[in-house]
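Student: Below you'll find the structure I mean.
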Amino acid sequence: MSGFDIAGWGISVPERVLSSVEIAERLGVDEDWIVSRCGIRERRIVGPGQTTASLAIEAGARALEKAGLTGADIAHLIVATATPEQLSPATSAFVHHGLGIAGSAHDVNAECSGFVYALMTAAAWMAIDPRPCLIIGSDTHSLTVDPNDRDLSILVGDGAGAVVLTPSPDTWIRAWNLGADGSKHDSLKVVAGGSRMPTTAETVEQGLHYAKINGNEIYLNAVRFSVRTIRATLEQAKVGVDDLDHVVPHQANIRIINSILSHTGVAPEKLVTNLDRYGNTASASIPIALAEALDAGRIADGDLVLLAGFGAGMTWGSILLQWGGVTDES
Amino acid sequence: MDLPTVEELAGQLAAVSGAENVDVDAPLLQLADVDSLDLMEWLYGFQNKYPDVPADESLFKDIDDTTTLRAVHEKLMALAPAAARS
């Protein structure tokens, strides 16, 4: 199978910082209640004129620049998002235009697993069409959350992360596992605005365009499915948790992450997290954390890097990368 | 297969939450250092240990200011197959 290099990466986060102190004052709780509950001290929130596509374009431009490419070099663009620019067309159309992409484009909505799904899609695509791909995770969930919802408003932040894949004779993916359980579609949802419940004055009045979460169900299944997918990926690669160098999980909630690490036996020092500074940026959380780890020089050639996500739907997925690639003979 | 006693259940919840003391007859919502995520973490461990007992997050669905750990334990016992209670 043809492989890929991750030739460039970039992030975009809004300048506006929303601290847990500000949210605590609004909700009438202590900052400690928020921090101890989710591990988030601050998050970035979009300002006027900033959107899912504008963040994606910024992150994509930075990734292209680092890769030494332009939009004209990209054969395919995938944007992972659950907070699209508008209902139609796909957010990737706006990003395609903004970056001058030469090739095709489409969106992936696998909620917070979106980047993992998009990366696997691109890898499969490049196995049959080995030309550069740009993958971007971008979400602006702050715009979908009721500011008075204690469960969700403390969690979400906005941002985008991007990677450029270029063809390589080496295989970077050692193993992977994706899955979904649609019976749990009620765990986290925005019920109005789609074909099932078109927008009306009543849906707006009733707040049905806000995201709603069943926190207990999400917590339990996030841990359950993440543990399963990580174990399955490691088993497929025939490596143990001690062989891992870095684990980049979806930055959902530090207690969920710690529970997943504990149940899989991953040593805490292998965790890559920026949850305290950005909160839960949904599809963007894994590429933002990955890009920051790369910029910090934390990841070296030969390292085993596990990406693991879970999201509403529910969806989950994990990919084990060997940084720098591995040939069939090695 | 023996299900945990209510005292063992309290010990498990204390271990998960870090609470120093879990009074089995105190309302769950009033237990210091125990919150809903601690209950879910405990439940995940219970599900792994007792896969035959159909306990899920609905165990805590109707929790209110009077619900105690003893009441949760009684619900668990009711959910467990007869073999598990022997």
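Ordered as shown in the structure tokens, chains take letters A, B, and onward, while each chain numbers its residues from 1 and ligands are numbered from 1 in the order shown.
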With a cut-off of 12 Å and counting only C-alpha atoms, select all residues of chain A in contact with chain B and give the selection as a PyMOL selection string.
Tutor: chain A and resi 33+36-38+151+187+214-225+227-228+253-260+262-263
Student: Among stretch 138-267 of chain A, which residues carry a DSSP assignment of alpha helix (DSSP H), reported as a ChimeraX atom specification?
Tutor: /A:150-153,201-205,215-237,254-264
Student: I'd like the neighbourhood of stretch 66-82 of chain A as a PyMOL selection string, where a residue qualifies if any of its atoms comes within 7 Å (using only C-alpha atoms), though same-chain residues fewer than 4 positions away should be ignored.
Tutor: chain A and resi 7-9+62+91-92+99-109+111+114-115+118+131-139+164+283
Student: Could you tell me how far atom CA of A:Arg298 sits from atom CA of A:Thr166, in Å to one decimal place?
Tutor: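 According to the coordinates, atom CA of A:Thr166 and atom CA of A:Arg298 are separated by 21.5 Å.
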